[in-house]
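Notes for the one structure printed next.
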Amino acid sequence: MDDTLFHPGERMVQERTGERAIALLNGRNISAHIPAAASNFVAQQRWCVIGAADEGGSVSASLLTGEPGFVQTVDELAGLRMALDDPHDHLRVAAPIGTLEAGQSIAVLLIDLQTRRRLRVNGHVASVSANLLDVTVGQAFPVCPRYIQKREPEFDSPDTAWPPALPVAGSALDGAVAKWITAADTLFIASLGPSGEADVSHRGGRPGFVQIVGNVLRIPDYNGNSMFNTLGNLAVDSRCGLVMPNEDGVHQLQLNGRARVCFDVLDEAESTGGTRRWIEFTLESWRISPLNRPLRWRLIEASPFNP
Amino acid sequence: MEPLELIVVGKEMVAADTVKLRLQRVDGGSLPVSQPGAHVVLDLDGRVRRFSLLDADSAPTHYEIGVLRTANSLGGTHFVHDRLMVGDRLSLLAVANEFALDTGAPHVLLLGGGIGITPLLSMALRLSAQERSFALHQVVRDSSRQWPKPPSLQMSVHIGRAGLDLRKLLAEQPAGAHVYVCGPTSLTDAVRTASRGLGWETHRIHAESFGMAADATDAPLRVTLTQSGLTLDVAPGTSLLDALLAAGVWTSYECRRGVCGSCLTEVVRGQPIHRDTLSPGLRVGGMCTCVSWAVGPELELSL
């Protein structure tokens, strides 16, 4: 039986894990438009995550912040419009936002930490200017609340605390960067499908759920919606980009590299929640870059689903 | 998979309010392989419902399912009982298994409450064929509801929960045994509590749910949604999730039977009646709208 919903990489992982039937069932929730009921949700968000590749094929994920309403549905739910609010001129030089071009593939993840709801939108850049990004929706689907740590936005993030810091970059996993990674309870991963179609996806767990082994990040793959969009992408194209928010609400840690999917791993510490799957991400480079506007979140409670 | 067109080739009453359906492909071809514990997802006149397969086969030409007429059901099961006839067609959307049999367990206790016996029958048949150690138990409200014992199997029947000392039954199982329980949430919760109390590790406890299990005592609910400002009146027999979706509320969902936690929604005010298979720790502060109900008349959800 063939289907057009999932590409060969996704199908391979779905079959390997025995979750193909469930994937097909859950795939029925994918639509070519933003669900009408999600319009309000979209307009309430204060941030989103962007995933895309640059000209050289390097895949990056980045946070994009704004006042509620900075993202809107347009074109009768067939498009997303994002205001690029960039008072300090950070976005122009930020990957992947600074290099976006009309026509290229892009993924947008809207995620509300407060109600643990998220909407994934994959599509194409319709147009991009210094202050506006228009995306044509290809696929939109709601994703479940599992592994999202509940947080509330803080409203005392004054612009005066805003350091006009230059990005700091490197390729070693030590010091502050290692500390950042091993303390993280949330990350986002951008990857590409066989036709270069971008995807960006959330991963969450207890602080320390990402382990550093040499120059490799080991990211567990907990039980999910069985569609395996990220793992399916990595099965056909190993390039990917990670982004981790910072407690300070001012910076983000972006990592670029290659990843492979490991099945049936020996998981004596039960770090995979029983799936015995993890992603091994080999770092090529990292950079600490400032957000376009600060956004600080206060942790309310960890997800009860975290293994 | 693409939906497969099935035809009803057999329908018989096997116990009070319980019908057994036999289904095959319209073109007579072979059906997707199933494993013990697997269920089919059927489109019943526009309502998506799941039913456990009574037997597992490597090259099936037929599927058999058991369907109980459930109290307050406005759709699925009444449709099967009152409308669906031999010769009618329906769509098979998927064959899935979220209740797979552990092949390494030294002994297996199979415990079915009411219609929940159905997935355990497929497991018992497989275990019996493999000459593995197992015990099959059914708990029923009264003897008229007892599923007929397959000729090749031993089955202990308990009339009413009072007739079954769960703790004693679990304590009697050989070391390392796994338990598989399917039935009302009160039964699956009781098995979970008792087996954890006896020190069983969680990976030895397997529970399956069938989806919304309405109770005759369920009261209508007035559901207030704090994020979207909507108020919905939901009558028993419609799941809260269906009511939310019908009202255009945006919420995620996957399994629709209280297993995955995708629809877990924060409860702002009200007292949920949990019918999912999630652990008590996961339910704190929330409820699965796909299967659970609430003590009426008011419920407030953060949606």
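By order of appearance in the structure tokens: chains A, B, ..., then residues from 1 within every chain, and ligands from 1 in the order shown.
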I'd like a table as a tab-separated table: residues in chain A with an atom no more than 10 Å from chain B, each row giving the shortest atom pair and its distance in Å to one decimal, only C-alpha atoms counted, sorted by chain and rising residue number.
```
residue	atom	partner	partner_atom	distance
A:Met1	CA	B:Met1	CA	5.7
A:Asp2	CA	B:Met1	CA	6.9
A:Asp3	CA	B:Met1	CA	7.0
A:Gly18	CA	B:Asn97	CA	8.8
A:Glu19	CA	B:Ala96	CA	7.8
A:Arg20	CA	B:Met1	CA	8.4
A:Ala21	CA	B:Ala94	CA	5.6
A:Ile22	CA	B:Ala96	CA	6.3
A:Ala23	CA	B:Met1	CA	9.6
A:Leu24	CA	B:Met1	CA	6.5
A:Leu25	CA	B:Ala94	CA	6.9
A:Asn26	CA	B:Glu254	CA	5.9
A:Gly27	CA	B:Glu254	CA	9.5
A:Arg28	CA	B:Glu254	CA	9.8
A:Asn29	CA	B:Glu254	CA	8.6
A:Pro35	CA	B:Trp250	CA	7.6
A:Ala36	CA	B:Gly248	CA	7.3
A:Ala37	CA	B:Trp250	CA	4.9
A:Ala38	CA	B:Trp250	CA	5.5
A:Ser39	CA	B:Trp250	CA	8.9
A:Asn40	CA	B:Ser228	CA	8.2
A:Phe41	CA	B:Trp250	CA	8.1
A:Gln114	CA	B:Ser302	CA	9.9
A:Thr115	CA	B:Ser302	CA	7.3
A:Arg116	CA	B:Thr265	CA	9.0
A:Arg117	CA	B:Thr251	CA	7.6
A:Arg118	CA	B:Ser252	CA	8.5
A:Leu119	CA	B:Ser252	CA	9.1
A:Phe141	CA	B:Ser252	CA	8.8
A:Pro142	CA	B:Ser252	CA	5.5
A:Val143	CA	B:Ser252	CA	5.9
A:Cys144	CA	B:Ser262	CA	4.5
A:Pro145	CA	B:Ser262	CA	6.0
A:Arg146	CA	B:Ser262	CA	6.8
A:Asn223	CA	B:Cys260	CA	9.0
A:Gly224	CA	B:Cys260	CA	8.4
A:Asn225	CA	B:Glu254	CA	7.2
A:Ser226	CA	B:Glu254	CA	9.8
A:Gly274	CA	B:His203	CA	9.3
A:Ser303	CA	B:Leu282	CA	8.6
A:Pro304	CA	B:Leu282	CA	5.4
A:Phe305	CA	B:Leu282	CA	6.7
A:Asn306	CA	B:Leu282	CA	9.9
```
Can you tell me, as a ChimeraX atom specification, what residues are no more than 7 Å from Gly176 in chain B when counting only C-alpha atoms, ignoring any on the same chain fewer than 2 positions away? /B:105-106,174,178
Written selection (C-alpha atoms) as a compact mmCIF listing (two decimals), in the first residue's frame:
```txt
# COMPACT_ATOMS: atom_id res chain seq x y z
CA ALA B 105 7.02 -13.35 29.87
CA PRO B 106 7.31 -16.62 31.86
CA PRO B 174 4.27 -17.07 39.30
CA HIS B 178 2.80 -10.17 33.17
```
Applying 8 Å and only C-alpha atoms, which residues near range 188-197 of chain B remain after dropping the ones on its own chain fewer than 6 positions away? List them as a list in words.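 So, after excluding close chain neighbours, the residues are Leu166, Arg167, Leu170, Val181, Cys182, Ile205, Ala207 and Thr277 of chain B.
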Go ahead and compute the interatomic distance for CA of Asn229 in chain A and CA of Thr136 in chain A, in Å to one decimal.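 Atom-to-atom, CA of Asn229 in chain A and CA of Thr136 in chain A are spaced 19.5 Å apart.
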Would you list the contacts of range 4-11 of chain B as a VMD selection string, taking every protein, DNA or RNA residue within 12 Å and counting only C-alpha atoms, but skipping same-chain residues closer than 4 positions in sequence? (chain A and resid 1) or (chain B and resid 18 to 32 40 to 44 61 to 67 80 to 95)
Run DSSP on the backbone and grab whatever in range 132-182 of chain B lands in strand (DSSP E); send it over as a PyMOL selection string. chain B and resi 134-140+156-159+178-182
Name the residues of range 138-301 of chain A that come out as helix (DSSP H, G or I) in a backbone DSSP run; write them as a list in words. Asp159, Thr160, Ala161, Gly175, Ala176, Val177, Ala178, Lys179, Trp180, Ile181, Thr182, Ala183, Asn229, Thr230, Leu231, Gly232, Asn233, Leu234, Ala235 and Val236 of chain A
Could you tell me how far CA of Ala183 in chain A lies from CA of Pro96 in chain A, in Å and to one decimal?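 Straight-line distance from CA of Ala183 in chain A to CA of Pro96 in chain A works out to 24.6 Å.
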